[in-house]
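File shown: entry_4.cif (mmCIF, C-alpha atoms and all ligand atoms).
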data_protein
#
loop_
_atom_site.group_PDB
_atom_site.id
_atom_site.type_symbol
_atom_site.label_atom_id
_atom_site.label_comp_id
_atom_site.auth_asym_id
_atom_site.auth_seq_id
_atom_site.Cartn_x
_atom_site.Cartn_y
_atom_site.Cartn_z
ATOM 1 C CA MET A 249 11.057 -4.236 12.609
ATOM 2 C CA ARG A 250 10.920 -1.973 9.521
ATOM 3 C CA LEU A 251 9.221 -3.499 6.499
ATOM 4 C CA ILE A 252 8.063 -2.584 3.005
ATOM 5 C CA PHE A 253 5.072 -4.322 1.439
ATOM 6 C CA LEU A 254 5.311 -4.521 -2.352
ATOM 7 C CA GLY A 255 2.695 -5.866 -4.716
ATOM 8 C CA ALA A 256 0.137 -4.959 -7.359
ATOM 9 C CA PRO A 257 -2.901 -2.897 -6.457
ATOM 10 C CA GLY A 258 -5.486 -5.410 -5.228
ATOM 11 C CA ALA A 259 -2.902 -7.950 -4.037
ATOM 12 C CA GLY A 260 -4.114 -7.357 -0.493
ATOM 13 C CA LYS A 261 -1.140 -5.383 0.848
ATOM 14 C CA GLY A 262 -3.350 -3.112 2.928
ATOM 15 C CA THR A 263 -5.323 -5.923 4.577
ATOM 16 C CA LEU A 264 -2.241 -8.014 5.295
ATOM 17 C CA ALA A 265 -0.276 -5.005 6.550
ATOM 18 C CA ALA A 266 -3.102 -4.130 8.961
ATOM 19 C CA LEU A 267 -3.146 -7.721 10.293
ATOM 20 C CA LEU A 268 0.623 -7.888 10.770
ATOM 21 C CA ALA A 269 0.720 -4.400 12.314
ATOM 22 C CA ALA A 270 -1.882 -5.442 14.914
ATOM 23 C CA HIS A 271 -0.105 -8.743 15.549
ATOM 24 C CA ASP A 272 3.391 -7.280 16.025
ATOM 25 C CA GLY A 273 2.577 -3.778 17.311
ATOM 26 C CA LEU A 274 3.926 -2.077 14.166
ATOM 27 C CA VAL A 275 2.665 1.201 12.707
ATOM 28 C CA HIS A 276 0.955 0.736 9.341
ATOM 29 C CA ILE A 277 1.917 3.598 7.014
ATOM 30 C CA SER A 278 -0.139 3.622 3.821
ATOM 31 C CA THR A 279 0.791 6.528 1.546
ATOM 32 C CA GLY A 280 -2.500 6.058 -0.366
ATOM 33 C CA ALA A 281 -4.479 6.327 2.897
ATOM 34 C CA ILE A 282 -2.559 9.465 3.939
ATOM 35 C CA LEU A 283 -3.296 11.027 0.545
ATOM 36 C CA ARG A 284 -7.001 10.142 0.787
ATOM 37 C CA GLU A 285 -7.125 11.779 4.249
ATOM 38 C CA GLU A 286 -5.433 14.917 2.899
ATOM 39 C CA ILE A 287 -7.897 15.024 -0.003
ATOM 40 C CA LYS A 288 -10.856 14.627 2.369
ATOM 41 C CA ALA A 289 -9.502 17.401 4.599
ATOM 42 C CA GLY A 290 -9.047 19.704 1.572
ATOM 43 C CA SER A 291 -5.419 20.529 2.505
ATOM 44 C CA ASP A 292 -2.975 22.035 -0.019
ATOM 45 C CA LEU A 293 -1.328 18.624 -0.401
ATOM 46 C CA GLY A 294 -4.755 17.030 -0.900
ATOM 47 C CA LYS A 295 -5.657 19.560 -3.582
ATOM 48 C CA GLU A 296 -2.397 18.953 -5.419
ATOM 49 C CA ALA A 297 -2.740 15.165 -5.233
ATOM 50 C CA ASN A 298 -6.458 14.841 -5.997
ATOM 51 C CA ASP A 299 -6.392 14.566 -9.802
ATOM 52 C CA TYR A 300 -3.540 12.032 -9.776
ATOM 53 C CA VAL A 301 -5.183 9.783 -7.186
ATOM 54 C CA LYS A 302 -8.592 9.906 -8.882
ATOM 55 C CA THR A 303 -7.171 8.863 -12.225
ATOM 56 C CA GLY A 304 -4.768 6.223 -10.870
ATOM 57 C CA GLN A 305 -1.586 8.110 -11.769
ATOM 58 C CA LEU A 306 1.421 8.409 -9.520
ATOM 59 C CA VAL A 307 1.566 11.588 -7.485
ATOM 60 C CA PRO A 308 4.739 13.585 -8.416
ATOM 61 C CA GLU A 309 7.920 12.394 -6.695
ATOM 62 C CA SER A 310 8.669 15.670 -4.890
ATOM 63 C CA LEU A 311 5.231 15.693 -3.272
ATOM 64 C CA ILE A 312 5.200 12.064 -2.167
ATOM 65 C CA ASN A 313 8.833 12.040 -1.042
ATOM 66 C CA SER A 314 8.460 15.069 1.197
ATOM 67 C CA MET A 315 5.225 13.626 2.616
ATOM 68 C CA LEU A 316 7.017 10.376 3.425
ATOM 69 C CA GLU A 317 10.061 12.146 4.876
ATOM 70 C CA LYS A 318 7.802 14.036 7.290
ATOM 71 C CA ARG A 319 5.960 10.860 8.271
ATOM 72 C CA LEU A 320 9.145 8.880 8.952
ATOM 73 C CA GLN A 321 10.392 11.603 11.271
ATOM 74 C CA GLN A 322 7.377 11.467 13.563
ATOM 75 C CA GLY A 323 8.008 10.067 17.019
ATOM 76 C CA ASP A 324 5.681 7.049 16.960
ATOM 77 C CA LEU A 325 7.872 4.696 14.906
ATOM 78 C CA THR A 326 10.434 3.423 17.398
ATOM 79 C CA GLY A 327 8.609 0.051 17.625
ATOM 80 C CA GLY A 328 8.823 -0.390 13.857
ATOM 81 C CA TYR A 329 6.529 0.108 10.866
ATOM 82 C CA ILE A 330 5.195 -1.288 7.612
ATOM 83 C CA LEU A 331 5.366 0.907 4.508
ATOM 84 C CA ASP A 332 2.414 0.053 2.274
ATOM 85 C CA GLY A 333 2.313 1.724 -1.138
ATOM 86 C CA TYR A 334 5.775 3.292 -0.943
ATOM 87 C CA PRO A 335 8.187 3.107 -2.723
ATOM 88 C CA ARG A 336 6.462 2.737 -6.073
ATOM 89 C CA THR A 337 9.342 3.744 -8.364
ATOM 90 C CA LEU A 338 13.101 3.218 -8.420
ATOM 91 C CA GLU A 339 13.519 6.942 -7.816
ATOM 92 C CA GLN A 340 11.454 6.619 -4.618
ATOM 93 C CA ALA A 341 13.465 3.557 -3.566
ATOM 94 C CA HIS A 342 16.697 5.547 -3.931
ATOM 95 C CA PHE A 343 15.201 8.440 -1.992
ATOM 96 C CA LEU A 344 14.155 6.032 0.760
ATOM 97 C CA ASP A 345 17.639 4.461 0.903
ATOM 98 C CA GLN A 346 19.164 7.891 1.495
ATOM 99 C CA LEU A 347 16.541 8.906 4.033
ATOM 100 C CA LEU A 348 16.888 5.694 6.056
ATOM 101 C CA ALA A 349 20.688 5.981 5.986
ATOM 102 C CA LYS A 350 20.385 9.541 7.328
ATOM 103 C CA LEU A 351 17.961 8.392 10.066
ATOM 104 C CA GLU A 352 20.185 5.346 10.783
ATOM 105 C CA THR A 353 17.170 3.062 10.591
ATOM 106 C CA PRO A 354 17.845 0.381 7.952
ATOM 107 C CA LEU A 355 15.086 -1.777 6.467
ATOM 108 C CA ASP A 356 14.702 -5.325 7.777
ATOM 109 C CA ARG A 357 12.710 -6.987 4.980
ATOM 110 C CA VAL A 358 10.703 -6.265 1.831
ATOM 111 C CA VAL A 359 7.631 -8.450 1.489
ATOM 112 C CA LEU A 360 6.254 -9.155 -1.974
ATOM 113 C CA VAL A 361 2.527 -9.836 -1.611
ATOM 114 C CA ASP A 362 1.850 -12.098 -4.556
ATOM 115 C CA VAL A 363 -1.471 -12.869 -6.282
ATOM 116 C CA PRO A 364 -2.251 -14.036 -9.857
ATOM 117 C CA GLN A 365 -3.353 -11.244 -12.234
ATOM 118 C CA ASP A 366 -6.890 -12.557 -12.903
ATOM 119 C CA LEU A 367 -7.664 -12.619 -9.187
ATOM 120 C CA ILE A 368 -6.335 -9.078 -8.792
ATOM 121 C CA ILE A 369 -8.817 -7.691 -11.289
ATOM 122 C CA LYS A 370 -11.692 -9.591 -9.662
ATOM 123 C CA ARG A 371 -10.685 -8.344 -6.221
ATOM 124 C CA LEU A 372 -10.285 -4.720 -7.203
ATOM 125 C CA SER A 373 -13.638 -4.628 -8.921
ATOM 126 C CA SER A 374 -15.362 -6.068 -5.838
ATOM 127 C CA ARG A 375 -13.546 -3.977 -3.233
ATOM 128 C CA LEU A 376 -15.409 -1.705 -0.851
ATOM 129 C CA THR A 377 -13.691 0.808 1.409
ATOM 130 C CA CYS A 378 -14.836 2.637 4.516
ATOM 131 C CA PRO A 379 -14.392 6.378 3.867
ATOM 132 C CA ASN A 380 -14.334 6.996 7.615
ATOM 133 C CA CYS A 381 -11.883 4.479 9.153
ATOM 134 C CA GLY A 382 -10.217 3.126 5.983
ATOM 135 C CA ALA A 383 -11.209 -0.544 6.561
ATOM 136 C CA ILE A 384 -11.117 -2.624 3.386
ATOM 137 C CA TYR A 385 -13.713 -5.271 2.379
ATOM 138 C CA ASN A 386 -14.077 -7.570 -0.526
ATOM 139 C CA LEU A 387 -17.397 -8.930 -1.677
ATOM 140 C CA LEU A 388 -15.737 -12.179 -2.816
ATOM 141 C CA GLN A 389 -13.666 -13.158 0.208
ATOM 142 C CA GLN A 390 -14.218 -10.677 3.012
ATOM 143 C CA PRO A 391 -17.698 -9.152 2.890
ATOM 144 C CA PRO A 392 -18.886 -6.857 5.705
ATOM 145 C CA GLN A 393 -21.261 -8.495 8.222
ATOM 146 C CA LYS A 394 -24.048 -6.134 7.187
ATOM 147 C CA GLU A 395 -24.317 -5.275 3.497
ATOM 148 C CA GLY A 396 -22.764 -1.889 2.690
ATOM 149 C CA ILE A 397 -21.925 -1.067 6.331
ATOM 150 C CA CYS A 398 -18.476 -0.964 7.985
ATOM 151 C CA ASP A 399 -18.120 -3.621 10.728
ATOM 152 C CA HIS A 400 -15.867 -1.316 12.776
ATOM 153 C CA CYS A 401 -17.405 2.160 12.666
ATOM 154 C CA LYS A 402 -20.814 1.514 11.003
ATOM 155 C CA SER A 403 -20.235 4.082 8.231
ATOM 156 C CA GLY A 404 -21.617 3.443 4.733
ATOM 157 C CA LEU A 405 -19.044 1.705 2.497
ATOM 158 C CA ILE A 406 -18.027 3.136 -0.878
ATOM 159 C CA VAL A 407 -16.258 2.042 -4.060
ATOM 160 C CA ARG A 408 -13.050 4.083 -4.233
ATOM 161 C CA GLU A 409 -13.015 6.438 -7.212
ATOM 162 C CA ASP A 410 -9.858 4.689 -8.455
ATOM 163 C CA ASP A 411 -11.419 1.204 -8.147
ATOM 164 C CA LYS A 412 -13.638 1.896 -11.185
ATOM 165 C CA GLU A 413 -12.846 -0.368 -14.091
ATOM 166 C CA GLU A 414 -11.001 1.942 -16.479
ATOM 167 C CA VAL A 415 -8.892 3.368 -13.655
ATOM 168 C CA ILE A 416 -8.064 -0.141 -12.378
ATOM 169 C CA ARG A 417 -6.611 -1.039 -15.763
ATOM 170 C CA HIS A 418 -4.453 2.080 -15.739
ATOM 171 C CA ARG A 419 -3.216 1.421 -12.169
ATOM 172 C CA LEU A 420 -2.139 -2.066 -13.184
ATOM 173 C CA GLU A 421 -0.181 -0.648 -16.132
ATOM 174 C CA VAL A 422 1.482 1.867 -13.813
ATOM 175 C CA TYR A 423 2.413 -1.016 -11.490
ATOM 176 C CA GLU A 424 3.910 -3.114 -14.304
ATOM 177 C CA GLU A 425 5.979 -0.253 -15.635
ATOM 178 C CA ASN A 426 7.094 1.587 -12.492
ATOM 179 C CA THR A 427 6.802 -0.626 -9.446
ATOM 180 C CA LYS A 428 7.616 -4.146 -10.671
ATOM 181 C CA PRO A 429 11.320 -3.302 -11.181
ATOM 182 C CA LEU A 430 11.527 -2.847 -7.403
ATOM 183 C CA ILE A 431 11.180 -6.610 -6.947
ATOM 184 C CA ASP A 432 14.599 -7.105 -8.561
ATOM 185 C CA TYR A 433 16.025 -4.097 -6.799
ATOM 186 C CA TYR A 434 15.268 -5.517 -3.348
ATOM 187 C CA ALA A 435 16.038 -9.112 -4.343
ATOM 188 C CA LYS A 436 19.579 -7.964 -5.235
ATOM 189 C CA LYS A 437 19.876 -6.390 -1.789
ATOM 190 C CA GLN A 438 18.793 -9.766 -0.353
ATOM 191 C CA LEU A 439 15.885 -8.195 1.471
ATOM 192 C CA LEU A 440 13.023 -9.758 -0.489
ATOM 193 C CA LEU A 441 10.665 -12.434 0.720
ATOM 194 C CA LYS A 442 7.483 -13.572 -0.955
ATOM 195 C CA VAL A 443 4.084 -14.424 0.429
ATOM 196 C CA ASP A 444 1.184 -15.860 -1.553
ATOM 197 C CA ASN A 445 -2.055 -14.029 -0.786
ATOM 198 C CA SER A 446 -4.471 -15.787 -3.093
ATOM 199 C CA ALA A 447 -6.309 -17.817 -0.431
ATOM 200 C CA SER A 448 -7.036 -15.748 2.677
ATOM 201 C CA PRO A 449 -5.301 -12.913 4.545
ATOM 202 C CA GLN A 450 -5.105 -15.067 7.693
ATOM 203 C CA LEU A 451 -3.267 -17.843 5.828
ATOM 204 C CA ALA A 452 -0.963 -15.283 4.253
ATOM 205 C CA LEU A 453 -0.257 -13.820 7.703
ATOM 206 C CA ASP A 454 0.642 -17.247 9.115
ATOM 207 C CA ASN A 455 2.916 -17.898 6.163
ATOM 208 C CA LEU A 456 4.565 -14.493 6.549
ATOM 209 C CA LEU A 457 5.092 -14.870 10.304
ATOM 210 C CA ALA A 458 6.822 -18.186 9.657
ATOM 211 C CA GLN A 459 9.271 -16.400 7.313
ATOM 212 C CA LEU A 460 10.023 -13.288 9.387
HETATM 213 P P1 LIG B 1 -3.015 2.983 -2.875
HETATM 214 O O1 LIG B 1 -4.027 3.194 -1.793
HETATM 215 O O2 LIG B 1 -1.672 2.542 -2.365
HETATM 216 O O3 LIG B 1 -3.532 2.109 -3.996
HETATM 217 O O4 LIG B 1 -2.744 4.435 -3.514
HETATM 218 C C1 LIG B 1 -3.775 5.175 -4.139
HETATM 219 C C2 LIG B 1 -3.194 6.246 -5.042
HETATM 220 O O5 LIG B 1 -2.400 7.165 -4.264
HETATM 221 C C3 LIG B 1 -2.257 5.774 -6.131
HETATM 222 O O6 LIG B 1 -2.938 5.291 -7.280
HETATM 223 C C4 LIG B 1 -1.457 7.054 -6.424
HETATM 224 O O7 LIG B 1 -2.250 7.987 -7.141
HETATM 225 C C5 LIG B 1 -1.276 7.630 -5.022
HETATM 226 N N1 LIG B 1 -0.050 7.105 -4.367
HETATM 227 C C6 LIG B 1 0.027 6.337 -3.230
HETATM 228 N N2 LIG B 1 1.309 6.037 -2.927
HETATM 229 C C7 LIG B 1 2.070 6.625 -3.893
HETATM 230 C C8 LIG B 1 3.464 6.660 -4.170
HETATM 231 N N3 LIG B 1 4.361 6.016 -3.388
HETATM 232 N N4 LIG B 1 3.900 7.361 -5.253
HETATM 233 C C9 LIG B 1 3.025 8.031 -6.045
HETATM 234 N N5 LIG B 1 1.696 8.011 -5.863
HETATM 235 C C10 LIG B 1 1.209 7.328 -4.810
#
Let's see the structure in the file written out as structure tokens.
Ligand code: AMP
Amino acid sequence: MRLIFLGAPGAGKGTLAALLAAHDGLVHISTGAILREEIKAGSDLGKEANDYVKTGQLVPESLINSMLEKRLQQGDLTGGYILDGYPRTLEQAHFLDQLLAKLETPLDRVVLVDVPQDLIIKRLSSRLTCPNCGAIYNLLQQPPQKEGICDHCKSGLIVREDDKEEVIRHRLEVYEENTKPLIDYYAKKQLLLKVDNSASPQLALDNLLAQL
């Protein structure tokens, strides 16, 4: 199964995608996580992307599209995947359409992970991330077992640079302007389904599994 997860930053796409990936044996491809890895490793791509990611702006299309094209041609995706954080613009959606047509691997569904705006801001400003394994926590609904420590790899948790308040506001504006139009785009292609993620990721997963 090949899926896209759409939704505002803080809607819980990453957490839900990780749950579904584990449940169905899919590969979870988060373009934000790949970029953070590249930045940590100090690669050329990481250096080019760093300022955009830190300030919550979209990385230029040519950079992100070639990164995605490379990732989708790796050999580990025959069992299916979830794209989390891509596409984020109509231009990216068109690029993806062409790429998937060339690879002869059409999309199955696009999942809109839906959460009311006030909850999104609360979640983003209480999110902690593991810089080592990428696990995501939330002090409101999903705190780590031990304060400030990752349950999985025991590293110290951090607040992502782009989860600081002024950057959060900018990321939400970028979402409204660039990414929201994709909801209509995929609805017209009859690929869209919607899952409410305001209660808990486990409930959202159950709801999603019932729709897939
Ligand atoms: P995320 O982890 O999905 O919130 O992504 C973090 C940051 O990575 C974003 O704010 C952008 O700077 C960059 N990024 C991730 N995916 C994309 C994309 N598809 N297009 C452009 N920039 C992206």
Taking only residues of chain A that have an atom at most 8 Å from an atom of ligand LIG 1 (chain B), what is each one's shortest atom pair and its distance in Å to one decimal, using only C-alpha atoms and all ligand atoms, in chain and number order, as CSV?
residue,atom,partner,partner_atom,distance
A:Pro257,CA,B:LIG1,O3,5.6
A:Gly258,CA,B:LIG1,O3,7.9
A:Gly262,CA,B:LIG1,O1,7.9
A:Ser278,CA,B:LIG1,O2,6.5
A:Thr279,CA,B:LIG1,N2,4.5
A:Gly280,CA,B:LIG1,O1,3.5
A:Ala281,CA,B:LIG1,O1,5.7
A:Leu283,CA,B:LIG1,O5,6.2
A:Arg284,CA,B:LIG1,O5,7.5
A:Ala297,CA,B:LIG1,O7,7.4
A:Tyr300,CA,B:LIG1,O7,5.0
A:Val301,CA,B:LIG1,O7,3.4
A:Lys302,CA,B:LIG1,O7,6.9
A:Thr303,CA,B:LIG1,O7,7.1
A:Gly304,CA,B:LIG1,O6,4.1
A:Gln305,CA,B:LIG1,O7,4.7
A:Leu306,CA,B:LIG1,N5,3.7
A:Val307,CA,B:LIG1,N5,3.9
A:Pro308,CA,B:LIG1,C9,6.3
A:Glu309,CA,B:LIG1,C9,6.6
A:Ile312,CA,B:LIG1,N4,5.8
A:Asn313,CA,B:LIG1,N3,7.9
A:Asp332,CA,B:LIG1,O2,6.7
A:Gly333,CA,B:LIG1,O2,4.2
A:Tyr334,CA,B:LIG1,N3,3.9
A:Pro335,CA,B:LIG1,N3,4.9
A:Arg336,CA,B:LIG1,N3,4.7
A:Thr337,CA,B:LIG1,N4,7.2
A:Gln340,CA,B:LIG1,N3,7.2
A:Asp410,CA,B:LIG1,O6,7.0
A:Arg419,CA,B:LIG1,O6,6.2
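As for atom CA of Val358 of chain A and atom CA of Leu441 of chain A, they are spaced 6.3 Å apart.
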Exercise for review: Can you work out which one of A:Gly327, A:Gly290, A:Gly255, A:Gly260 has the shortest atom-to-atom distance to Ser446 of chain A, counting only C-alpha atoms?
Suggested key: A:Gly260
Given the point (-3.3, -10.5, 2.6) in the file's coordinates, find the residues that have an atom at most 6 Å from it, counting only C-alpha atoms, and give them as a short mmCIF file (atom, residue, chain, number, x, y, z; two decimals) with C-alpha atoms, in the frame of the given file.
data_model
loop_
_atom_site.label_atom_id
_atom_site.label_comp_id
_atom_site.auth_asym_id
_atom_site.auth_seq_id
_atom_site.Cartn_x
_atom_site.Cartn_y
_atom_site.Cartn_z
CA GLY A 260 -4.11 -7.36 -0.49
CA LYS A 261 -1.14 -5.38 0.85
CA THR A 263 -5.32 -5.92 4.58
CA LEU A 264 -2.24 -8.01 5.30
CA ASN A 445 -2.06 -14.03 -0.79
CA PRO A 449 -5.30 -12.91 4.54
CA ALA A 452 -0.96 -15.28 4.25
#
Practice item. Tell me which residues the PyMOL selection byres (((chain A and resi 320) around 12) and not hetatm) grabs here, as a ChimeraX atom specification. Key: /A:250,275-279,313-319,321-326,328-331,334,344,347-348,350-353
**Study point:** Selection dump of the PyMOL selection byres (((chain A and resi 393-406) around 9) and not hetatm), as a list in words
**Key:** Arg375, Leu376, Thr377, Cys378, Pro379, Asn380, Cys381, Ala383, Ile384, Tyr385, Pro391, Pro392, Val407, Arg408 and Glu409 of chain A
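Of note, atom CA of Asp272 of chain A and atom CA of Gln390 of chain A are spaced 22.2 Å apart.
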Practice item. Would you write out, as a ChimeraX atom specification, every residue that the PyMOL selection byres (((chain A and resi 457) around 12) and not hetatm) captures in this file? Key: /A:264-265,267-269,271-272,359,441-443,450-456,458-460
